[in-house]
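Everything below belongs to run26.cif, which stores mmCIF, C-alpha atoms.
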data_target
loop_
_atom_site.label_atom_id
_atom_site.label_comp_id
_atom_site.auth_asym_id
_atom_site.auth_seq_id
_atom_site.Cartn_x
_atom_site.Cartn_y
_atom_site.Cartn_z
CA MET A 1 0.00 0.00 0.00
CA SER A 2 1.42 3.32 -1.01
CA TRP A 3 2.07 5.89 1.71
CA THR A 4 1.42 8.71 -0.76
CA ILE A 5 -2.20 7.70 -1.37
CA LEU A 6 -2.73 7.12 2.34
CA LEU A 7 -1.47 10.62 3.17
CA VAL A 8 -3.59 12.15 0.40
CA LEU A 9 -6.65 10.48 1.97
CA CYS A 10 -5.62 11.93 5.37
CA ALA A 11 -5.40 15.42 3.84
CA ILE A 12 -8.75 15.13 2.03
CA SER A 13 -10.63 13.85 5.05
CA TYR A 14 -9.22 16.65 7.23
CA ALA A 15 -10.04 19.30 4.59
CA LEU A 16 -13.63 18.02 4.40
CA LYS A 17 -13.99 18.34 8.17
CA ALA A 18 -12.32 21.75 8.46
CA ALA A 19 -14.00 23.41 5.44
CA GLY A 20 -17.07 24.67 7.30
CA PRO A 21 -15.45 25.82 10.53
CA VAL A 22 -12.56 27.54 8.73
CA LEU A 23 -14.58 29.26 6.00
CA ALA A 24 -17.36 30.37 8.34
CA GLY A 25 -14.74 31.44 10.88
CA GLY A 26 -16.10 32.95 14.09
CA ARG A 27 -18.72 34.97 12.21
CA ASP A 28 -22.34 35.03 13.24
CA LEU A 29 -24.27 33.69 10.29
CA GLY A 30 -27.62 35.25 11.13
CA PRO A 31 -30.81 33.60 12.44
CA ARG A 32 -31.94 32.05 9.12
CA ALA A 33 -28.67 30.28 8.42
CA ARG A 34 -28.43 29.20 12.04
CA GLN A 35 -31.92 27.73 11.93
CA THR A 36 -30.97 25.73 8.84
CA LEU A 37 -27.64 24.60 10.27
CA ASP A 38 -29.41 23.53 13.47
CA LEU A 39 -31.35 21.02 11.39
CA VAL A 40 -28.44 19.70 9.29
CA ALA A 41 -27.46 16.88 11.63
CA VAL A 42 -31.05 15.65 12.09
CA PRO A 43 -31.71 13.97 8.70
CA LEU A 44 -28.10 12.71 8.56
CA LEU A 45 -28.42 11.00 11.95
CA ALA A 46 -31.84 9.59 11.04
CA ALA A 47 -30.34 8.21 7.82
CA LEU A 48 -27.39 6.72 9.72
CA ILE A 49 -29.67 5.03 12.25
CA LEU A 50 -31.81 3.37 9.59
CA THR A 51 -29.03 2.44 7.16
CA GLN A 52 -26.96 0.96 9.99
CA THR A 53 -30.01 -1.01 11.15
CA LEU A 54 -31.56 -2.14 7.90
CA THR A 55 -28.81 -2.52 5.30
CA ILE A 56 -25.87 -4.75 4.44
CA GLY A 57 -23.99 -3.36 1.47
CA HIS A 58 -26.63 -2.48 -1.12
CA ARG A 59 -29.34 -4.73 0.31
CA ILE A 60 -32.14 -3.99 2.77
CA VAL A 61 -31.85 -6.72 5.38
CA ILE A 62 -34.06 -7.27 8.42
CA ASP A 63 -32.19 -9.09 11.17
CA ALA A 64 -31.46 -8.88 14.92
CA ARG A 65 -30.55 -5.20 14.58
CA LEU A 66 -34.18 -4.15 14.04
CA PRO A 67 -35.62 -5.62 17.28
CA ALA A 68 -32.57 -4.13 19.04
CA LEU A 69 -33.42 -0.68 17.67
CA LEU A 70 -37.08 -1.09 18.68
CA VAL A 71 -36.01 -1.97 22.25
CA ALA A 72 -33.80 1.12 22.21
CA ALA A 73 -36.68 3.27 20.92
CA VAL A 74 -38.98 2.16 23.74
CA LEU A 75 -36.26 2.83 26.30
CA VAL A 76 -35.51 6.28 24.83
CA TRP A 77 -39.22 7.05 24.94
CA ARG A 78 -39.33 5.90 28.61
CA ARG A 79 -36.36 8.22 29.24
CA ALA A 80 -34.00 5.41 30.29
CA PRO A 81 -30.35 6.41 30.87
CA PHE A 82 -28.10 6.41 27.80
CA LEU A 83 -26.01 3.41 28.89
CA VAL A 84 -29.14 1.34 29.55
CA VAL A 85 -30.42 2.15 26.05
CA VAL A 86 -27.17 1.23 24.32
CA LEU A 87 -26.43 -1.92 26.34
CA SER A 88 -30.01 -3.19 26.02
CA ALA A 89 -29.78 -2.84 22.25
CA ALA A 90 -26.52 -4.80 22.18
CA ALA A 91 -27.92 -7.47 24.52
CA THR A 92 -31.07 -7.85 22.40
CA ALA A 93 -29.09 -8.36 19.21
CA ALA A 94 -26.59 -10.71 20.90
CA LEU A 95 -29.36 -12.84 22.46
CA LEU A 96 -31.34 -13.11 19.23
CA ARG A 97 -28.20 -14.17 17.37
CA ALA A 98 -27.31 -16.75 20.03
CA MET A 99 -30.75 -18.39 19.70
CA MET B 100 -7.87 23.17 23.55
CA GLU B 101 -8.99 24.88 26.72
CA MET B 102 -11.14 22.35 28.46
CA ALA B 103 -10.09 23.43 31.95
CA VAL B 104 -12.54 26.35 32.13
CA ALA B 105 -15.58 24.15 32.55
CA GLN B 106 -15.55 20.40 32.95
CA PRO B 107 -18.19 18.29 31.26
CA GLY B 108 -20.79 16.90 33.65
CA ARG B 109 -20.83 13.29 34.81
CA ALA B 110 -23.66 12.27 32.49
CA THR B 111 -21.75 13.67 29.51
CA LEU B 112 -18.55 11.92 30.55
CA THR B 113 -20.35 8.60 30.96
CA LYS B 114 -21.81 8.89 27.46
CA ALA B 115 -18.51 10.02 25.98
CA LEU B 116 -16.64 7.13 27.60
CA SER B 117 -19.18 4.48 26.66
CA ILE B 118 -19.24 5.63 23.05
CA GLY B 119 -15.43 5.66 23.10
CA VAL B 120 -15.23 2.08 24.38
CA ALA B 121 -17.72 0.82 21.77
CA VAL B 122 -15.80 2.60 19.03
CA GLY B 123 -12.57 1.11 20.42
CA VAL B 124 -13.88 -2.42 19.82
CA TYR B 125 -14.52 -1.45 16.21
CA GLY B 126 -11.02 -0.02 16.14
CA VAL B 127 -9.73 -3.52 16.90
CA SER B 128 -11.73 -4.91 13.96
CA PHE B 129 -10.40 -2.12 11.78
CA GLY B 130 -6.80 -2.88 12.75
CA VAL B 131 -7.28 -6.58 12.00
CA LEU B 132 -8.96 -5.90 8.63
CA ALA B 133 -6.46 -3.24 7.60
CA VAL B 134 -3.46 -5.51 8.15
CA ALA B 135 -5.26 -8.45 6.51
CA SER B 136 -5.90 -6.20 3.48
CA GLY B 137 -2.21 -5.45 3.06
CA LEU B 138 -1.62 -2.27 5.06
CA SER B 139 1.35 -2.33 7.41
CA PRO B 140 0.51 -1.89 11.12
CA ALA B 141 2.11 1.58 10.92
CA GLN B 142 -0.14 2.52 8.01
CA ALA B 143 -3.23 1.26 9.86
CA CYS B 144 -2.31 3.38 12.88
CA VAL B 145 -1.50 6.52 10.86
CA MET B 146 -4.82 6.13 9.08
CA SER B 147 -6.77 5.91 12.34
CA MET B 148 -4.91 8.90 13.79
CA LEU B 149 -5.19 11.17 10.76
CA VAL B 150 -8.18 10.05 8.69
CA PHE B 151 -10.18 9.40 11.87
CA THR B 152 -13.51 8.62 10.19
CA GLY B 153 -14.46 5.02 10.81
CA ALA B 154 -16.82 4.49 7.90
CA SER B 155 -14.32 5.88 5.37
CA GLN B 156 -11.51 3.78 6.77
CA PHE B 157 -13.52 0.55 6.63
CA ALA B 158 -14.60 1.36 3.08
CA PHE B 159 -11.01 2.08 2.05
CA VAL B 160 -9.51 -1.16 3.34
CA GLY B 161 -12.60 -3.04 2.14
CA VAL B 162 -11.88 -2.05 -1.47
CA ILE B 163 -8.17 -2.86 -1.08
CA ALA B 164 -9.05 -6.27 0.39
CA THR B 165 -11.22 -7.16 -2.61
CA GLY B 166 -8.33 -6.41 -4.96
CA GLY B 167 -9.18 -2.81 -5.87
CA GLY B 168 -6.25 -0.44 -6.13
CA ALA B 169 -5.55 2.28 -3.61
CA LEU B 170 -6.88 4.90 -6.02
CA ALA B 171 -10.14 2.99 -6.52
CA ALA B 172 -10.47 2.84 -2.74
CA MET B 173 -10.37 6.64 -2.49
CA GLY B 174 -13.82 7.15 -4.08
CA PRO B 175 -16.03 5.47 -1.46
CA ALA B 176 -13.76 6.68 1.35
CA VAL B 177 -14.17 10.31 0.26
CA MET B 178 -17.93 9.94 -0.32
CA LEU B 179 -18.31 8.61 3.21
CA ALA B 180 -16.21 11.46 4.61
CA LEU B 181 -18.33 14.07 2.83
CA ARG B 182 -20.97 14.14 5.52
CA ASN B 183 -18.33 15.50 7.91
CA THR B 184 -18.44 18.72 5.87
CA ALA B 185 -22.15 19.07 6.63
CA TYR B 186 -21.48 18.25 10.28
CA GLY B 187 -18.69 20.84 10.33
CA LEU B 188 -21.04 23.54 9.06
CA SER B 189 -23.66 22.69 11.65
CA LEU B 190 -21.07 22.58 14.46
CA THR B 191 -19.35 25.84 13.51
CA PRO B 192 -21.19 27.96 16.14
CA ILE B 193 -20.08 25.75 19.02
CA LEU B 194 -16.46 25.13 18.02
CA PRO B 195 -13.68 27.07 19.81
CA HIS B 196 -13.19 30.60 18.46
CA ARG B 197 -9.38 30.76 18.31
CA LEU B 198 -8.16 29.59 14.93
CA ARG B 199 -5.59 27.17 16.32
CA ASP B 200 -8.15 25.51 18.63
CA ARG B 201 -10.67 25.45 15.79
CA LEU B 202 -8.25 23.68 13.49
CA LEU B 203 -7.55 21.06 16.15
CA ALA B 204 -11.22 20.62 17.04
CA ALA B 205 -12.15 20.25 13.35
CA HIS B 206 -10.28 16.93 13.27
CA LEU B 207 -12.79 15.56 15.79
CA ILE B 208 -15.84 16.22 13.57
CA ILE B 209 -17.45 12.80 13.06
CA ASP B 210 -20.86 11.12 13.55
CA GLU B 211 -20.43 10.49 17.28
CA THR B 212 -19.19 13.96 18.26
CA THR B 213 -21.86 15.67 16.15
CA ALA B 214 -24.62 13.55 17.68
CA MET B 215 -23.37 14.32 21.21
CA ALA B 216 -23.01 18.04 20.58
CA ARG B 217 -26.36 18.43 18.83
CA ALA B 218 -28.16 16.62 21.68
CA GLU B 219 -27.32 19.62 23.93
CA THR B 220 -29.27 22.87 23.72
CA ASP B 221 -26.81 25.11 25.59
CA PRO B 222 -23.82 26.02 23.34
CA GLU B 223 -21.29 25.71 26.17
CA ALA B 224 -22.59 22.25 27.12
CA ALA B 225 -22.56 21.29 23.43
CA ARG B 226 -18.90 22.34 23.11
CA ARG B 227 -17.94 20.31 26.18
CA ALA B 228 -19.88 17.26 24.96
CA PHE B 229 -18.20 17.58 21.54
CA LEU B 230 -14.67 17.79 22.97
CA ALA B 231 -15.14 15.06 25.60
CA THR B 232 -16.56 12.67 23.00
CA GLY B 233 -13.94 13.60 20.43
CA VAL B 234 -11.02 12.94 22.77
CA SER B 235 -12.57 9.73 24.10
CA VAL B 236 -13.37 8.33 20.65
CA TRP B 237 -9.97 9.35 19.24
CA VAL B 238 -8.06 7.65 22.06
CA PHE B 239 -10.07 4.41 22.01
CA TRP B 240 -10.25 4.21 18.21
CA ASN B 241 -6.48 4.46 17.99
CA LEU B 242 -5.81 2.08 20.88
CA GLY B 243 -8.18 -0.40 19.25
CA THR B 244 -6.51 -0.03 15.87
CA LEU B 245 -3.06 -0.59 17.40
CA VAL B 246 -4.20 -3.73 19.24
CA GLY B 247 -5.97 -5.10 16.15
CA ALA B 248 -3.04 -4.37 13.85
CA LEU B 249 -0.55 -6.09 16.16
CA VAL B 250 -2.66 -8.99 17.43
CA GLY B 251 -4.41 -9.76 14.15
CA GLY B 252 -7.39 -12.14 13.88
CA GLY B 253 -8.80 -14.26 16.69
CA ILE B 254 -10.72 -11.42 18.37
CA GLY B 255 -13.97 -12.71 16.95
CA ASP B 256 -16.80 -10.94 15.23
CA PRO B 257 -18.04 -7.89 17.22
CA ARG B 258 -21.52 -8.60 15.87
CA ARG B 259 -21.71 -11.68 18.09
CA PHE B 260 -21.91 -9.31 21.06
CA GLY B 261 -24.49 -7.11 19.36
CA LEU B 262 -21.99 -4.28 19.00
CA ASP B 263 -23.33 -3.35 15.58
CA ALA B 264 -26.71 -2.67 17.20
CA MET B 265 -25.14 -0.27 19.71
CA PHE B 266 -24.43 2.53 17.26
CA PRO B 267 -27.96 3.00 15.89
CA ALA B 268 -29.26 2.84 19.49
CA ALA B 269 -26.75 5.47 20.62
CA PHE B 270 -27.54 7.74 17.66
CA LEU B 271 -31.27 7.35 18.36
CA ALA B 272 -30.82 8.31 22.02
CA LEU B 273 -28.87 11.39 20.87
CA LEU B 274 -31.28 12.28 18.06
CA ALA B 275 -34.43 12.06 20.23
CA PRO B 276 -34.00 15.36 22.13
CA GLN B 277 -33.35 17.18 18.83
CA LEU B 278 -36.71 16.07 17.45
CA ARG B 279 -38.46 18.66 19.62
CA ARG B 280 -37.14 21.46 17.39
CA PRO B 281 -39.68 22.76 14.87
CA GLY B 282 -39.29 20.98 11.55
CA ALA B 283 -36.94 18.32 12.95
CA PRO B 284 -39.34 15.33 12.75
CA VAL B 285 -40.09 16.08 9.07
CA ALA B 286 -36.37 16.48 8.36
CA ALA B 287 -35.60 13.15 10.09
CA ILE B 288 -38.32 11.18 8.31
CA THR B 289 -37.52 12.65 4.89
CA GLY B 290 -33.79 12.02 5.36
CA ALA B 291 -34.35 8.41 6.44
CA ILE B 292 -36.64 7.70 3.47
CA ILE B 293 -34.22 9.24 0.97
CA ALA B 294 -31.30 7.23 2.36
CA LEU B 295 -33.12 3.89 2.39
CA ALA B 296 -34.49 4.48 -1.10
CA LEU B 297 -30.98 5.11 -2.45
CA VAL B 298 -29.23 2.18 -0.72
CA PRO B 299 -29.91 -0.44 -3.45
CA PHE B 300 -28.19 1.46 -6.26
CA ALA B 301 -26.19 4.45 -4.96
CA PRO B 302 -22.48 4.07 -4.14
CA ALA B 303 -21.52 3.74 -0.45
CA GLY B 304 -21.78 7.04 1.39
CA VAL B 305 -24.18 8.65 -1.07
CA PRO B 306 -27.44 7.62 0.67
CA VAL B 307 -26.49 9.30 3.96
CA ILE B 308 -25.18 12.48 2.35
CA ALA B 309 -28.29 12.68 0.12
CA ALA B 310 -30.42 12.56 3.27
CA LEU B 311 -29.25 16.12 3.79
CA ALA B 312 -32.12 17.16 1.46
CA GLY B 313 -34.41 16.42 4.43
CA VAL B 314 -33.33 19.82 5.77
CA ILE B 315 -35.46 21.56 3.11
CA PRO B 316 -38.92 20.36 4.22
CA GLY B 317 -37.68 20.76 7.81
CA VAL B 318 -36.87 24.44 7.32
CA LEU B 319 -40.15 25.04 5.45
CA VAL B 320 -42.15 23.49 8.29
CA ALA B 321 -40.15 25.43 10.91
CA ARG B 322 -40.81 28.73 9.09
CA GLY B 323 -44.48 27.89 8.63
CA ALA B 324 -44.78 27.17 12.36
CA ARG B 325 -43.28 30.56 13.17
CA ALA B 326 -45.24 32.62 10.63
#

Represent the structure from my file as structure tokens, please.
Amino acid sequence: MSWTILLVLCAISYALKAAGPVLAGGRDLGPRARQTLDLVAVPLLAALILTQTLTIGHRIVIDARLPALLVAAVLVWRRAPFLVVVLSAAATAALLRAM
Amino acid sequence: MEMAVAQPGRATLTKALSIGVAVGVYGVSFGVLAVASGLSPAQACVMSMLVFTGASQFAFVGVIATGGGALAAMGPAVMLALRNTAYGLSLTPILPHRLRDRLLAAHLIIDETTAMARAETDPEAARRAFLATGVSVWVFWNLGTLVGALVGGGIGDPRRFGLDAMFPAAFLALLAPQLRRPGAPVAAITGAIIALALVPFAPAGVPVIAALAGVIPGVLVARGARA
């Protein structure tokens, strides 16, 4: 594996992260832009949750991850502590796979 | 970075540490896979330290492992890293103001730190949650990579312990408080539908970044609610 390509990937991934914070600087972007930026993470996180639960590669797959997410959803709704939510999801998936 | 001014609360530290540990286990898998795909242990470690975006790194070594060249591996890796740009924009208001601190903090912009920061309403609390999670995830991800790269196989599949189910659960717990914002539920549902619809045919990374379009109906609903 070439070090050059690896270091280029390092540079690109850092530039992608730093683009927003560096270009926007410490400026106040105004209420409209802020309102939009406040929402940016929401659809991305929702997409991550569902793709990580329901897909393998390019396929939609329903397996132990879905019941685990449903258990987590009930616990989040019941305002369970974060660790309880996360560990219950892992335990659900692990138990279903062991069966 | 000046973290001494105000320490993160216990609840934040617990979350940051637990996310870090879970990520660390994946770091072990990454180290194992990277070395099995032909990277040297040093390359695996440099990648985890400097690329520091799990999904991109897995995609990169995945392509290498299936015989693709290093250049071919760049495409999916960069597509998967693209969402960090959107995260960076949304995190800009809560990042440190001094340029040097900002440049350092920018390296920590990933799924986990964004989710933790956005779950807080107070900007100062969001900054502390971001930094605590960033440091925790960085340390454990790199420790995991080092162990995996040196020890190699034999760790077993993390899925056996349900670890793959932990991340969606953690992101859900962190997304839930944000859904109270006007327009957020519409944005979340639209984003999720777009992503799932694209999975069968779009290249890796594209579905999640395309979900960004969910912001548009979200903003429209939020403005309608205010008008």

Item to check | Selection near stretch 1-13 of chain A, 6 Å with all atoms listed in the file, sequence-local residues under 5 positions removed, as a PyMOL selection string | outcome: chain B and resi 138+149-150

Next on the checklist: Using only C-alpha atoms, can you tell me which of A:Ala46, A:Gly20, A:Ala64, A:Asp38 comes closest to B:Thr220?
Outcome noted: A:Asp38

Checklist entry - Taking the file as shown, what set of residues would the PyMOL selection byres ((chain A) within 6 of (chain B)) give back, as an MDAnalysis selection string? => result chainID A and resid 1 10 13 16:18 20:21 26 37 42:44 46:47 49 58:59 65 69 72 76 86 89:90 93:94

Next on the checklist: Under the PyMOL selection byres ((chain B and resi 237-247) around 9), which residues of this model are included? Write them out as JSON, numbers by chain.
Outcome noted: {"B": [119, 120, 121, 122, 123, 124, 125, 126, 127, 128, 129, 130, 131, 132, 133, 134, 140, 141, 143, 144, 145, 147, 148, 151, 153, 207, 232, 233, 234, 235, 236, 248, 249, 250, 251, 252, 254]}

Checklist entry - What does the distance between atom CA of B:Ala231 and atom CA of A:Arg79 come to in Å, to one decimal place? => result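 So the answer is 22.6 Å.
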
Item to check | Distance criterion (all atoms listed in the file): nearest to A:Thr51 out of B:Val305, B:Ala228, B:Ala324, B:Ala115 | outcome: B:Val305

Checklist entry - Which residue out of B:Gly304, B:Gly108, B:Pro222, B:Gly167 has the minimum interatomic distance to A:Gln52 when all atoms listed in the file are used? => result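 For A:Gln52, the nearest of the given residues is B:Gly304.
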
Checklist entry - How many Å separate atom CA of A:Ile62 from atom CA of A:Ala41? => result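 About the pair atom CA of A:Ile62 and atom CA of A:Ala41: they are 25.2 Å apart.
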
Checklist entry - Which value, in Å to one decimal, gives the distance between atom CA of A:Ala33 and atom CA of B:Ala218? => result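 Interatomic distance here is 19.0 Å.
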
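Residue nearest B:Arg279 within the list B:Ala225, B:Gly166, B:Gly323, B:Glu219: B:Glu219 [criterion: smallest interatomic distance, all atoms listed in the file].
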
Next on the checklist: Taking 3 positions as the minimum chain separation for residues in the same chain, which residues sit within 8 Å of A:Ser88 when counting all atoms listed in the file? Answer as a PyMOL selection string.
Outcome noted: chain A and resi 68+71-72+84-85+91-92
